[in-house]
Structure formats: C-alpha cells, structure tokens
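Enquirer: Please find data.txt (compact mmCIF, C-alpha atoms) on the next line:
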```txt
# COMPACT_ATOMS: atom_id res chain seq x y z
CA MET A 24 61.32 0.73 59.32
CA SER A 25 58.83 -1.42 57.51
CA ALA A 26 59.79 -4.25 55.25
CA ALA A 27 59.93 -3.76 51.50
CA PRO A 28 56.46 -4.05 49.99
CA ALA A 29 55.57 -7.34 48.41
CA PRO A 30 55.71 -7.27 44.61
CA HIS A 31 52.36 -6.57 43.01
CA ARG A 32 50.80 -9.81 41.89
CA PRO A 33 48.20 -9.22 39.22
CA ALA A 34 44.89 -10.91 39.88
CA PHE A 35 43.81 -13.49 37.37
CA GLY A 36 42.32 -11.76 34.34
CA GLU A 37 43.72 -8.33 35.15
CA SER A 38 45.19 -7.09 31.89
CA ALA A 39 47.48 -4.33 33.14
CA SER A 40 48.43 -2.43 36.27
CA PRO A 41 46.67 0.91 36.93
CA ARG A 42 49.94 2.65 36.19
CA LYS A 43 50.26 0.99 32.82
CA ARG A 44 46.65 1.82 32.00
CA GLY A 45 47.37 5.42 32.95
CA GLU A 46 50.30 5.51 30.56
CA GLU A 47 48.24 3.96 27.80
CA LEU A 48 45.49 6.56 28.35
CA ARG A 49 48.03 9.34 28.35
CA ALA A 50 49.56 8.13 25.07
CA ARG A 51 46.13 7.87 23.47
CA ALA A 52 45.20 11.37 24.68
CA TRP A 53 48.50 12.82 23.40
CA ALA A 54 48.00 11.24 19.98
CA ALA A 55 44.47 12.65 19.78
CA ALA A 56 45.48 16.15 20.89
CA ALA A 57 48.57 16.11 18.65
CA SER A 58 46.38 15.51 15.59
CA VAL A 59 44.75 18.93 15.94
CA VAL A 60 45.93 21.40 13.31
CA ASP A 61 46.38 25.15 13.65
CA PRO A 62 43.24 26.75 12.14
CA GLU A 63 45.31 29.52 10.54
CA VAL A 64 48.25 27.41 9.30
CA PRO A 65 46.48 24.12 8.61
CA VAL A 66 49.61 22.23 7.50
CA LEU A 67 50.97 22.37 11.04
CA THR A 68 49.68 20.39 13.99
CA ILE A 69 49.74 21.95 17.43
CA GLU A 70 52.48 19.43 18.21
CA ASP A 71 54.60 20.70 15.28
CA LEU A 72 54.15 24.25 16.57
CA GLY A 73 55.04 23.45 20.17
CA VAL A 74 51.62 24.76 21.25
CA LEU A 75 50.80 21.36 22.79
CA ARG A 76 52.83 21.40 26.01
CA ASP A 77 51.71 18.50 28.14
CA VAL A 78 49.18 15.75 28.65
CA ALA A 79 48.77 14.52 32.21
CA ILE A 80 46.35 12.33 34.09
CA ALA A 81 45.01 14.08 37.20
CA ASP A 82 44.46 12.18 40.46
CA ASP A 83 40.75 11.90 39.74
CA GLY A 84 41.53 10.28 36.38
CA THR A 85 40.76 13.37 34.29
CA VAL A 86 42.96 13.90 31.26
CA GLU A 87 44.54 17.34 31.46
CA VAL A 88 45.89 18.82 28.25
CA SER A 89 48.09 21.94 28.49
CA ILE A 90 48.38 24.31 25.55
CA THR A 91 50.24 27.62 25.28
CA PRO A 92 49.44 30.59 23.04
CA THR A 93 51.95 31.73 20.44
CA TYR A 94 50.96 35.37 21.18
CA SER A 95 49.03 36.76 24.17
CA GLY A 96 46.06 37.62 22.00
CA CYS A 97 46.19 34.72 19.56
CA PRO A 98 42.56 34.38 18.41
CA ALA A 99 43.15 30.77 17.34
CA MET A 100 43.38 29.58 20.96
CA THR A 101 39.61 29.29 21.39
CA VAL A 102 39.31 27.16 18.28
CA ILE A 103 42.34 25.05 19.23
CA ARG A 104 40.89 24.41 22.69
CA LEU A 105 37.57 23.32 21.14
CA GLU A 106 39.31 21.12 18.58
CA VAL A 107 41.37 19.40 21.29
CA GLU A 108 38.21 18.68 23.28
CA LEU A 109 36.57 17.27 20.15
CA ALA A 110 39.60 15.15 19.26
CA LEU A 111 39.67 13.68 22.77
CA ALA A 112 35.94 12.98 22.68
CA ARG A 113 36.33 11.24 19.32
CA ALA A 114 39.11 9.11 20.84
CA GLY A 115 36.63 8.04 23.51
CA ILE A 116 38.09 10.21 26.26
CA ALA A 117 35.18 12.04 27.83
CA ASP A 118 36.78 13.10 31.08
CA ALA A 119 39.15 15.80 29.91
CA ARG A 120 39.98 19.41 30.42
CA VAL A 121 42.16 21.76 28.44
CA LYS A 122 44.13 24.42 30.25
CA THR A 123 46.19 27.31 28.98
CA VAL A 124 49.67 27.79 30.37
CA LEU A 125 51.80 30.91 29.76
CA SER A 126 55.12 29.80 31.20
CA PRO A 127 57.62 29.11 29.78
CA ALA A 128 56.72 31.59 27.06
CA TRP A 129 56.30 30.06 23.62
CA THR A 130 59.20 30.44 21.24
CA THR A 131 59.62 29.54 17.59
CA ASP A 132 62.56 27.39 18.74
CA TRP A 133 59.97 24.79 19.76
CA MET A 134 58.79 24.30 16.19
CA SER A 135 59.79 20.83 15.02
CA GLN A 136 62.10 20.27 12.03
CA ASP A 137 59.23 18.49 10.36
CA GLY A 138 57.06 21.52 11.06
CA ARG A 139 59.60 23.87 9.48
CA ARG A 140 59.75 21.72 6.35
CA LYS A 141 55.94 21.54 6.06
CA LEU A 142 55.74 25.30 6.51
CA LYS A 143 58.22 25.94 3.70
CA ASP A 144 56.42 23.51 1.37
CA TYR A 145 53.21 25.41 2.14
CA GLY A 146 54.83 28.67 0.97
CA ILE A 147 55.61 30.24 4.35
CA ALA A 148 59.26 30.99 5.17
CA PRO A 149 59.98 29.21 8.47
CA PRO A 150 61.44 31.07 11.46
CA ALA A 151 65.20 31.10 11.89
CA PRO A 152 66.19 28.29 14.27
CA LYS A 153 67.41 30.47 17.13
CA ALA A 154 65.12 33.13 18.51
CA SER A 155 67.94 35.34 19.63
CA ARG A 156 66.90 38.57 17.94
CA ARG A 157 66.84 41.13 20.68
CA ALA A 158 68.47 44.04 18.88
CA LEU A 159 66.23 46.99 18.06
CA PHE A 160 67.28 46.91 14.43
CA GLY A 161 68.57 43.56 13.29
CA VAL A 162 69.60 42.51 9.81
CA GLU A 163 67.78 39.42 8.66
CA THR A 164 68.04 37.38 5.53
CA ILE A 165 65.01 35.28 4.76
CA ALA A 166 65.09 32.89 1.79
CA CYS A 167 62.08 32.94 -0.54
CA PRO A 168 60.04 29.76 0.10
CA GLN A 169 59.05 29.66 -3.59
CA CYS A 170 62.34 30.01 -5.48
CA GLY A 171 64.91 29.89 -2.66
CA SER A 172 66.48 33.23 -3.52
CA ALA A 173 68.02 35.20 -0.67
CA ASP A 174 67.26 38.46 -2.49
CA THR A 175 64.15 39.32 -0.49
CA GLU A 176 62.77 42.35 1.33
CA LYS A 177 60.42 42.93 4.20
CA LEU A 178 57.19 44.70 3.29
CA ALA A 179 55.63 44.84 6.75
CA GLU A 180 56.48 43.70 10.28
CA PHE A 181 52.99 42.23 10.59
CA GLY A 182 51.27 39.83 8.24
CA SER A 183 47.98 38.00 7.89
CA THR A 184 48.17 36.62 11.45
CA ALA A 185 49.93 37.69 14.66
CA CYS A 186 52.70 35.14 14.07
CA LYS A 187 53.66 36.23 10.54
CA ALA A 188 55.37 39.12 8.74
CA LEU A 189 54.97 40.04 5.07
CA TRP A 190 57.94 39.73 2.70
CA ARG A 191 58.57 39.91 -1.04
CA CYS A 192 61.06 38.08 -3.23
CA GLN A 193 63.05 40.33 -5.58
CA SER A 194 63.90 37.41 -7.87
CA CYS A 195 60.55 35.79 -8.53
CA ARG A 196 58.59 38.90 -7.44
CA GLU A 197 56.23 36.81 -5.33
CA PRO A 198 55.09 38.08 -1.94
CA PHE A 199 55.28 35.56 0.89
CA ASP A 200 54.58 35.19 4.60
CA HIS A 201 57.46 34.74 7.02
CA PHE A 202 56.82 33.03 10.36
CA LYS A 203 58.21 35.59 12.81
CA CYS A 204 61.04 34.48 14.98
CA ILE A 205 60.28 35.10 18.66
CA MET B 21 34.10 53.34 59.38
CA THR B 22 35.87 52.59 56.16
CA THR B 23 35.61 49.22 54.56
CA ILE B 24 38.61 47.92 52.72
CA THR B 25 37.57 45.96 49.68
CA ALA B 26 39.76 43.36 48.09
CA ALA B 27 40.23 45.65 45.09
CA ASP B 28 42.31 47.89 47.35
CA THR B 29 44.93 45.23 47.93
CA PRO B 30 48.26 46.25 46.40
CA LEU B 31 48.63 43.25 44.09
CA VAL B 32 45.14 43.70 42.62
CA GLN B 33 45.74 47.43 42.17
CA TYR B 34 49.06 46.88 40.50
CA THR B 35 47.75 44.21 38.17
CA LEU B 36 44.77 46.40 37.25
CA ARG B 37 47.05 49.31 36.35
CA LEU B 38 49.00 47.12 33.95
CA ALA B 39 45.82 45.60 32.55
CA ASP B 40 44.11 48.99 32.06
CA ASN B 41 47.15 50.37 30.21
CA ALA B 42 47.09 47.42 27.84
CA LEU B 43 43.33 47.43 27.28
CA VAL B 44 42.95 51.16 26.70
CA LEU B 45 45.89 51.35 24.30
CA GLY B 46 44.71 48.17 22.57
CA HIS B 47 41.26 49.71 22.15
CA ARG B 48 42.74 52.94 20.78
CA LEU B 49 44.78 51.02 18.20
CA SER B 50 41.80 48.91 17.22
CA GLU B 51 40.04 52.16 16.21
CA TRP B 52 42.42 52.25 13.24
CA CYS B 53 41.05 48.99 11.89
CA GLY B 54 39.78 49.75 8.39
CA HIS B 55 41.13 53.34 8.51
CA ALA B 56 44.94 53.05 8.48
CA PRO B 57 46.86 54.84 5.70
CA MET B 58 47.69 51.55 3.98
CA LEU B 59 46.64 47.92 4.18
CA GLU B 60 49.90 46.68 5.74
CA GLU B 61 49.64 49.25 8.51
CA ASP B 62 45.99 48.47 9.07
CA ILE B 63 47.01 44.87 9.69
CA ALA B 64 49.99 45.86 11.83
CA LEU B 65 48.00 48.13 14.15
CA ALA B 66 45.25 45.51 14.50
CA ASN B 67 47.90 42.89 15.32
CA ILE B 68 49.46 45.10 17.99
CA ALA B 69 46.00 45.82 19.40
CA LEU B 70 45.39 42.10 19.59
CA ASP B 71 48.64 41.53 21.50
CA LEU B 72 47.72 44.27 23.97
CA ILE B 73 44.18 43.01 24.49
CA GLY B 74 45.61 39.51 25.01
CA GLN B 75 47.96 40.88 27.67
CA ALA B 76 45.05 42.72 29.29
CA ARG B 77 42.93 39.56 29.41
CA SER B 78 45.66 37.58 31.20
CA LEU B 79 46.15 40.42 33.68
CA TYR B 80 42.42 40.94 34.32
CA ALA B 81 41.90 37.22 34.84
CA TYR B 82 44.69 37.26 37.40
CA ALA B 83 43.43 40.41 39.16
CA ALA B 84 39.96 38.85 39.36
CA ALA B 85 41.36 35.62 40.80
CA VAL B 86 43.45 37.42 43.44
CA GLU B 87 40.53 39.69 44.30
CA GLY B 88 38.31 36.67 44.87
CA GLU B 89 35.08 38.66 44.76
CA GLY B 90 33.48 36.62 42.02
CA ARG B 91 34.29 39.14 39.27
CA ASP B 92 35.85 37.90 36.06
CA GLU B 93 37.95 39.54 33.34
CA ASP B 94 34.83 40.78 31.55
CA ALA B 95 33.40 42.39 34.69
CA LEU B 96 36.68 44.25 35.21
CA ALA B 97 36.84 45.48 31.61
CA TYR B 98 33.16 46.21 30.98
CA LEU B 99 31.66 47.17 34.31
CA ARG B 100 34.07 49.66 35.85
CA ASP B 101 33.52 53.36 35.24
CA ALA B 102 36.24 55.82 34.17
CA GLY B 103 37.08 56.81 37.76
CA GLU B 104 37.94 53.20 38.54
CA TYR B 105 40.29 52.82 35.58
CA ARG B 106 43.98 53.05 36.53
CA ASN B 107 45.72 53.50 33.17
CA VAL B 108 48.24 56.26 32.51
CA LEU B 109 46.96 59.28 30.57
CA LEU B 110 49.27 58.63 27.62
CA VAL B 111 47.42 55.54 26.41
CA GLU B 112 43.98 57.20 26.34
CA GLN B 113 45.10 60.12 24.15
CA PRO B 114 43.26 60.25 20.81
CA ASN B 115 44.80 58.62 17.76
CA GLY B 116 45.25 61.98 16.03
CA ASP B 117 46.99 61.63 12.71
CA PHE B 118 49.20 58.62 11.99
CA ALA B 119 52.22 60.44 13.47
CA VAL B 120 50.46 60.90 16.82
CA THR B 121 49.55 57.22 16.96
CA ILE B 122 53.13 56.20 16.16
CA ALA B 123 54.66 58.66 18.63
CA ARG B 124 52.31 57.45 21.41
CA GLN B 125 53.16 53.86 20.53
CA PHE B 126 56.88 54.58 20.53
CA LEU B 127 56.90 56.39 23.90
CA TYR B 128 54.93 53.55 25.50
CA ALA B 129 56.76 50.59 23.90
CA ALA B 130 60.19 52.09 24.69
CA LEU B 131 59.27 51.65 28.35
CA MET B 132 57.31 48.41 28.13
CA ALA B 133 60.03 46.33 26.44
CA PRO B 134 62.45 46.75 29.39
CA PHE B 135 59.54 46.83 31.86
CA TRP B 136 58.23 43.38 30.93
CA ARG B 137 61.78 42.03 30.81
CA ALA B 138 62.29 43.19 34.42
CA LEU B 139 58.87 41.96 35.54
CA ALA B 140 59.65 38.52 34.10
CA SER B 141 61.89 38.08 37.18
CA SER B 142 59.05 38.99 39.56
CA ARG B 143 58.62 36.81 42.65
CA ASP B 144 54.97 36.59 41.65
CA GLU B 145 54.87 33.59 39.32
CA THR B 146 51.78 34.61 37.37
CA LEU B 147 52.94 38.16 36.74
CA ALA B 148 56.34 36.77 35.71
CA SER B 149 54.81 34.39 33.17
CA ILE B 150 52.54 37.08 31.69
CA ALA B 151 55.55 39.42 31.50
CA ALA B 152 57.81 36.87 29.76
CA LYS B 153 55.17 36.52 27.06
CA ALA B 154 54.44 40.24 26.76
CA GLU B 155 58.13 41.12 26.54
CA LYS B 156 58.58 39.34 23.21
CA GLU B 157 55.59 41.22 21.86
CA ALA B 158 56.75 44.58 23.24
CA VAL B 159 60.18 44.22 21.59
CA TYR B 160 58.40 43.76 18.28
CA HIS B 161 56.06 46.69 18.93
CA LEU B 162 59.01 48.93 19.75
CA ARG B 163 60.77 48.00 16.52
CA HIS B 164 57.64 48.69 14.50
CA ALA B 165 57.09 52.12 16.11
CA SER B 166 60.79 53.06 15.90
CA GLU B 167 61.01 52.25 12.20
CA TRP B 168 57.93 54.36 11.50
CA LEU B 169 59.12 57.28 13.57
CA ILE B 170 62.41 57.28 11.65
CA ARG B 171 60.54 57.05 8.35
CA LEU B 172 58.29 59.96 9.29
CA GLY B 173 60.96 62.13 10.94
CA ASP B 174 63.54 61.59 8.23
CA GLY B 175 60.92 61.69 5.47
CA THR B 176 59.32 64.73 3.83
CA ALA B 177 59.07 68.19 5.36
CA GLU B 178 55.39 67.49 6.03
CA SER B 179 55.94 64.12 7.74
CA HIS B 180 58.83 65.57 9.76
CA ALA B 181 56.73 68.49 11.00
CA ARG B 182 53.86 66.20 11.96
CA ALA B 183 56.11 63.74 13.78
CA GLN B 184 57.73 66.58 15.73
CA ALA B 185 54.34 68.08 16.59
CA ALA B 186 53.13 64.68 17.78
CA LEU B 187 56.12 64.25 20.10
CA ASP B 188 55.75 67.78 21.45
CA GLU B 189 52.06 67.20 22.11
CA LEU B 190 52.51 63.88 23.92
CA TRP B 191 55.66 64.60 25.87
CA MET B 192 53.78 65.95 28.91
CA TYR B 193 52.26 62.48 29.41
CA THR B 194 55.61 60.68 29.69
CA GLY B 195 56.37 61.75 33.28
CA GLU B 196 53.54 59.61 34.62
CA LEU B 197 55.14 56.49 33.13
CA PHE B 198 57.90 56.69 35.74
CA GLU B 199 55.82 57.53 38.80
CA ILE B 200 55.94 55.21 41.75
CA ASP B 201 53.63 55.37 44.76
CA ALA B 202 53.41 53.59 48.12
CA ILE B 203 51.56 50.62 46.59
CA GLU B 204 54.25 49.95 44.02
CA ARG B 205 57.12 50.74 46.33
CA GLY B 206 55.86 48.15 48.79
CA LEU B 207 55.46 45.54 46.06
CA ALA B 208 58.86 46.41 44.57
CA GLN B 209 60.52 45.91 47.96
CA ARG B 210 59.01 42.44 48.08
CA GLY B 211 60.37 41.67 44.61
CA ILE B 212 56.91 41.60 43.01
CA ALA B 213 56.69 44.93 41.19
CA VAL B 214 59.24 46.77 39.07
CA ASP B 215 60.40 50.25 40.07
CA PRO B 216 60.06 52.17 36.77
CA GLN B 217 62.66 54.70 37.93
CA GLY B 218 65.29 52.05 37.33
CA LEU B 219 64.20 51.78 33.69
CA ARG B 220 64.58 55.48 33.02
CA PRO B 221 68.17 55.31 31.67
CA GLU B 222 67.26 52.62 29.14
CA TRP B 223 64.12 54.52 28.08
CA ASP B 224 66.14 57.73 27.67
CA GLU B 225 68.71 55.92 25.59
CA THR B 226 66.12 54.38 23.28
CA ILE B 227 64.34 57.72 22.87
CA ASP B 228 67.55 59.62 22.11
CA ARG B 229 68.87 57.00 19.72
CA VAL B 230 65.71 56.75 17.64
CA LEU B 231 65.01 60.50 17.67
CA ALA B 232 68.57 61.18 16.51
CA GLU B 233 68.15 58.79 13.60
CA ALA B 234 64.73 60.30 12.86
CA THR B 235 66.26 63.83 12.87
CA LEU B 236 63.65 64.80 15.47
CA ALA B 237 64.30 66.96 18.53
CA ARG B 238 63.67 65.66 22.02
CA PRO B 239 61.06 67.97 23.57
CA PRO B 240 62.39 70.14 26.42
CA GLU B 241 61.77 69.14 30.03
CA GLN B 242 58.47 70.57 31.10
CA TRP B 243 55.57 70.30 33.51
CA MET B 244 54.15 66.78 33.41
CA GLN B 245 50.51 65.70 33.47
CA THR B 246 49.50 63.15 36.08
CA GLY B 247 46.46 61.51 37.64
CA GLY B 248 45.46 58.54 35.48
CA ARG B 249 46.81 55.97 37.91
CA ALA B 250 44.66 57.52 40.65
CA GLY B 251 41.55 57.47 38.47
CA ARG B 252 41.70 61.13 37.38
CA HIS B 253 41.45 60.90 33.63
CA SER B 254 41.17 63.17 30.65
CA GLU B 255 37.71 63.43 29.12
CA HIS B 256 38.82 61.01 26.41
CA LEU B 257 38.54 57.90 28.57
CA GLY B 258 34.78 58.28 29.02
CA PHE B 259 34.30 58.20 25.24
CA ILE B 260 36.50 55.11 24.94
CA LEU B 261 34.48 53.33 27.62
CA ALA B 262 31.18 54.40 26.03
CA ASP B 263 32.31 52.59 22.91
CA LEU B 264 33.94 49.64 24.70
CA GLN B 265 31.22 49.03 27.29
CA PHE B 266 28.03 49.94 25.47
CA LEU B 267 26.85 46.41 24.83
CA GLN B 268 27.34 45.16 28.38
CA ARG B 269 25.71 48.31 29.81
CA ALA B 270 22.71 48.16 27.50
CA TYR B 271 22.27 44.38 27.67
CA PRO B 272 23.85 43.24 30.95
CA GLY B 273 25.26 39.75 30.75
CA ALA B 274 24.84 39.55 26.98
CA ASN B 275 26.71 36.60 25.55
CA TRP B 276 27.30 34.99 22.20
```
Transcribe the structure of this file into structure tokens.
Expert:
Amino acid sequence: MSAAPAPHRPAFGESASPRKRGEELRARAWAAAASVVDPEVPVLTIEDLGVLRDVAIADDGTVEVSITPTYSGCPAMTVIRLEVELALARAGIADARVKTVLSPAWTTDWMSQDGRRKLKDYGIAPPAPKASRRALFGVETIACPQCGSADTEKLAEFGSTACKALWRCQSCREPFDHFKCI
Amino acid sequence: MTTITAADTPLVQYTLRLADNALVLGHRLSEWCGHAPMLEEDIALANIALDLIGQARSLYAYAAAVEGEGRDEDALAYLRDAGEYRNVLLVEQPNGDFAVTIARQFLYAALMAPFWRALASSRDETLASIAAKAEKEAVYHLRHASEWLIRLGDGTAESHARAQAALDELWMYTGELFEIDAIERGLAQRGIAVDPQGLRPEWDETIDRVLAEATLARPPEQWMQTGGRAGRHSEHLGFILADLQFLQRAYPGANW
C-alpha cells in the first residue's frame, strides 16, 4: 500500500485548482444554456421546461450539454440546439457540443414551479403536477388561465404545438391552450 | 456463395420494422395536412404524424448506427425501395375517408400503446429509451382515435355506416400485427424484442371496449393479409415512396 498522497500545494500565482476551474466552467456553461428560451413558448427557458438535462465537462475539456425532447418529433429541438450553441459561444465557451438524450423520457413533472406560474401568466394552462394519467378516458378539470373558472371544456386533444391541447372557458368564452400532461 | 450484410442482423431488421411502421403511417397522416374535415383535426393529425416521424428518426438513427455501414437515417428513409421496406400492410393503406383514417389509427395505436410499454423494459438500452418516449405519445394517439371512433360509430346513420365499413375493410390487415418470426423470437428470448402475441389480450380488450361504446360490430374472424414485414407490399407503398423519396432520387444528396 502506498502512503496517502501529499496535499496539493498550489504554485505561487495559481488562482484555482483544475477541479475548481472545471466547476466554474460548468456553472458558467449551465447559466448560458439555461438562458435559452423555448422558441414556441418564449416565456419558458429550457431549464424551466426540464429540457436542459445536464452540463458536463468531458475529459478533453469539451463542454457537453444534454437536452431532451418533449416529444419524439418536437420540431423545436433543432432551434434549441442552435440557440444553446450560440449562448455558449457568447459566453466565451467555444469548445462545446450539444447532445440529445431520450432517457429518462421527458415528463411535465419536470417543469419548475416558476415555469408553471410563468406559463399561466402567459395565458397557457399549466400541466397538472402529476403525470399519472394512464386511463384511456380520464376526467380532467383544467382551470381557465384567464379568469380562473373551472367551467371549461376540451375542444381538441391537439393544439398549436405537439405539447399543447386546445380548450375553451365556458365562463369568459375565451379559448386557451393547455400544456398537455405527459 | 451468399454474403450476409449487416442489414440482415436481427437487431437492425427489428429496428427497421418498427421505424418503417412509424414512418409510413406518419407519412400517410401528413397527407391530411390542409385537407382534414376541420381545423382542429388538421392540427391533430399533423401532430400525430410528427410524433410518428420523430419515433422513426430515432429508430433509423439507431438502425444505421448498429448496421455500421456508413448509412444514416436519411439514407434508410429515402434510398431504400419498396421491397426493402419492412412495415406492416395496415399502415400503408390509403387514407380513404376520415373514418378509414381513424379506424386505421385506432387498430394500430391499440397495439402500440402496450407494445411500447413492454419494449421500454427491453434489455437493449436504446430501444428501451425510444420506447419509453413513444409510449406516452401512443397513449395519447389511442385516446384521440378512440374518441373519434366512438363519435363516428355512435353518431349519425351515415357516420356509423362509414365507420363500420372502414373497420370491415381494414380488419384483414390486423393479423399481421401479431406475427412473430425467427428473427423476433430470437430477440424476444434474449429480452430485446417484445412478443406481440402476449399483447393480444390487451389489444382485444381495447378493441371490444371501444367498439361496444361506439355501437360498432367487431368484424368476424377471417383470412388475414400478410407479407409487409417480408417486403411484399401492396401497390400503395410505391406511390408513398414516390412522393416521399422524389427529391433525394432526383437530386441525390440535396440539402438545405
């Protein structure tokens, strides 16, 4: 057995250990990536949505950002990937790659509380907090994001984007989008 | 001497079958874009098409990676001829009227919701992750198709008759959904593939439950069509591919 390694003694003028610099880079990269907004729901960042999964520093020093699609065919992924690359470049991080991960599968449960509030203020009814709807025909009550009334009805299972359904409020008569709960 | 190409390996074959089902049905549904009976349905069918094409892309990318022959997802989708496609015959059937599209969608989704759920436990990590994602989408697709079938079946005399005719017309393509061959049996034994026979009871239950509510009759057992998974397709697939592949055939490698 070898003796315990001697404690690292920073050389004169060395500002931080490589590990600390790695953490600092990672934090800076996360902040940059987290500032990217969803092109179709611009009040939400990809962090709010839970689309931003991970930021890691690879062995060769490359920043590796992992994102996950909300739906298999989400057309926003290409734009999000590009925006993340741009945000990292603007933050002075040139050595980066963005990869798409599928597992674990995205769920609306990952949407932050802050994200839900922003969504409602924007006029989109947020998803119910637990994505437990597995029944073929469930009964759902969605409150109108405009007037708060629970007297609402579903117009269509699919709305303006893959992640939304179309609803209408019976009280204020306004149609509204509902972020589907999956 | 026969040469065995990588495309013949069971995992590539299996993944291509799943991918081809998703792409061909996604393409069929996308044909409704701008033509559906109402705006909401136009959007719904386009959304479902998008989910299916997204599933197909993940599966093609994986098949291409396992194959390791330098092909990519585009090469698999755009540069294989009809005889090389491995989708079931059901998904290539024409859209017909709205009832035919909904019946086709219902028969397919009733299997795919439990299928993806089972495949999410596959020993193959990539297939499992694609399946876990697709399952959520399939549950939604099944609900959409079921609600429409009930609305049509339990609607007017005209919509009832059309929904029944659509089911009767498509029923002969449902047998192929449950076929299993040596390739799949081998993969299923290794915990990679799902044996569709095991999903039959759940499919039957979904079909019977929704048809009962829709006041539609389950078509009688009959002779079943087969061959799509072996590359023997109806004439419809060639027309789909002519539309889907035209650009890459006319301008190979075109990009934008």
Enquirer: Please provide as JSON, numbers by chain all residues within 8 Å of region 208-219 of chain B, with the sequence filter that same-chain residues fewer than 3 positions apart are discarded (counting all atoms listed in the file).
Expert: {"B": [34, 131, 134, 135, 138, 139, 142, 143, 144, 197, 198, 199, 200, 204, 205, 222, 223]}
Enquirer: Go through chain A and flag each residue having an atom no more than 9 Å from chain B; for those, report the closest pair of atoms plus their distance in Å to one decimal, using only C-alpha atoms, ordered by chain and rising number, as JSON lines.
Expert:
```
{"residue": "A:Thr93", "atom": "CA", "partner": "B:Lys153", "partner_atom": "CA", "distance": 8.8}
{"residue": "A:Tyr94", "atom": "CA", "partner": "B:Asp71", "partner_atom": "CA", "distance": 6.6}
{"residue": "A:Ser95", "atom": "CA", "partner": "B:Gly74", "partner_atom": "CA", "distance": 4.5}
{"residue": "A:Gly96", "atom": "CA", "partner": "B:Gly74", "partner_atom": "CA", "distance": 3.6}
{"residue": "A:Cys97", "atom": "CA", "partner": "B:Gly74", "partner_atom": "CA", "distance": 7.3}
{"residue": "A:Pro98", "atom": "CA", "partner": "B:Leu70", "partner_atom": "CA", "distance": 8.3}
{"residue": "A:Val124", "atom": "CA", "partner": "B:Ser149", "partner_atom": "CA", "distance": 8.8}
{"residue": "A:Leu125", "atom": "CA", "partner": "B:Ser149", "partner_atom": "CA", "distance": 5.7}
{"residue": "A:Ser126", "atom": "CA", "partner": "B:Ser149", "partner_atom": "CA", "distance": 5.0}
{"residue": "A:Pro127", "atom": "CA", "partner": "B:Ser149", "partner_atom": "CA", "distance": 6.9}
{"residue": "A:Ala128", "atom": "CA", "partner": "B:Lys153", "partner_atom": "CA", "distance": 5.2}
{"residue": "A:Trp129", "atom": "CA", "partner": "B:Lys153", "partner_atom": "CA", "distance": 7.4}
{"residue": "A:Arg157", "atom": "CA", "partner": "B:Val159", "partner_atom": "CA", "distance": 7.4}
{"residue": "A:Ala158", "atom": "CA", "partner": "B:Val159", "partner_atom": "CA", "distance": 8.7}
{"residue": "A:Leu159", "atom": "CA", "partner": "B:Arg163", "partner_atom": "CA", "distance": 5.8}
{"residue": "A:Phe160", "atom": "CA", "partner": "B:Arg163", "partner_atom": "CA", "distance": 6.9}
{"residue": "A:Leu178", "atom": "CA", "partner": "B:Glu60", "partner_atom": "CA", "distance": 7.9}
{"residue": "A:Ala179", "atom": "CA", "partner": "B:Glu60", "partner_atom": "CA", "distance": 6.1}
{"residue": "A:Glu180", "atom": "CA", "partner": "B:His164", "partner_atom": "CA", "distance": 6.6}
{"residue": "A:Phe181", "atom": "CA", "partner": "B:Ala64", "partner_atom": "CA", "distance": 4.9}
{"residue": "A:Gly182", "atom": "CA", "partner": "B:Ile63", "partner_atom": "CA", "distance": 6.8}
{"residue": "A:Ser183", "atom": "CA", "partner": "B:Ile63", "partner_atom": "CA", "distance": 7.2}
{"residue": "A:Thr184", "atom": "CA", "partner": "B:Asn67", "partner_atom": "CA", "distance": 7.4}
{"residue": "A:Ala185", "atom": "CA", "partner": "B:Asn67", "partner_atom": "CA", "distance": 5.6}
{"residue": "A:Leu189", "atom": "CA", "partner": "B:Glu60", "partner_atom": "CA", "distance": 8.4}
{"residue": "A:Ile205", "atom": "CA", "partner": "B:Lys156", "partner_atom": "CA", "distance": 6.4}
```
Enquirer: Just to confirm, what's the straight-line distance from CA of Trp53 (chain A) to CA of Asp77 (chain A) in Å (one decimal)?
Expert: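 Computing the Euclidean distance for CA of Trp53 (chain A) and CA of Asp77 (chain A) yields 8.1 Å.
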Enquirer: Leaving out Glu176 (chain A) and any residue of its chain fewer than 3 positions from it, which residues lie within 10 Å of it when counting all atoms listed in the file, given as a PyMOL selection string?
Expert: chain A and resi 163-167+173+179+189-193+198
Enquirer: When you draw a straight line from CA of Arg91 (chain B) to CA of Val108 (chain B), how long is it in Å?
Expert: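 CA of Arg91 (chain B) sits 23.1 Å away from CA of Val108 (chain B).
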Enquirer: Place N, CA and C atoms on region 89-102 of chain A and deliver the coordinates as a compact mmCIF listing (two decimals), in the coordinates of the input.
Expert:
```
# COMPACT_ATOMS: atom_id res chain seq x y z
N SER A 89 47.61 20.56 28.36
CA SER A 89 48.09 21.94 28.49
C SER A 89 48.51 22.48 27.13
N ILE A 90 47.97 23.65 26.78
CA ILE A 90 48.38 24.31 25.55
C ILE A 90 48.87 25.71 25.90
N THR A 91 49.72 26.28 25.02
CA THR A 91 50.24 27.62 25.28
C THR A 91 50.04 28.47 24.04
N PRO A 92 49.65 29.75 24.22
CA PRO A 92 49.44 30.59 23.04
C PRO A 92 50.76 31.03 22.41
N THR A 93 50.76 31.21 21.09
CA THR A 93 51.95 31.73 20.44
C THR A 93 52.11 33.20 20.81
N TYR A 94 50.99 33.97 20.77
CA TYR A 94 50.96 35.37 21.18
C TYR A 94 49.85 35.55 22.20
N SER A 95 50.01 36.55 23.09
CA SER A 95 49.03 36.76 24.17
C SER A 95 47.60 36.80 23.65
N GLY A 96 47.42 37.45 22.49
CA GLY A 96 46.06 37.62 22.00
C GLY A 96 45.71 36.71 20.85
N CYS A 97 46.42 35.59 20.72
CA CYS A 97 46.19 34.72 19.56
C CYS A 97 44.72 34.28 19.51
N PRO A 98 43.99 34.70 18.46
CA PRO A 98 42.56 34.38 18.41
C PRO A 98 42.30 32.91 18.10
N ALA A 99 43.35 32.18 17.69
CA ALA A 99 43.15 30.77 17.34
C ALA A 99 43.01 29.89 18.58
N MET A 100 43.38 30.42 19.76
CA MET A 100 43.38 29.58 20.96
C MET A 100 42.01 28.99 21.29
N THR A 101 40.96 29.78 21.09
CA THR A 101 39.61 29.29 21.39
C THR A 101 39.27 28.10 20.50
N VAL A 102 39.60 28.23 19.22
CA VAL A 102 39.31 27.16 18.28
C VAL A 102 40.17 25.93 18.59
```
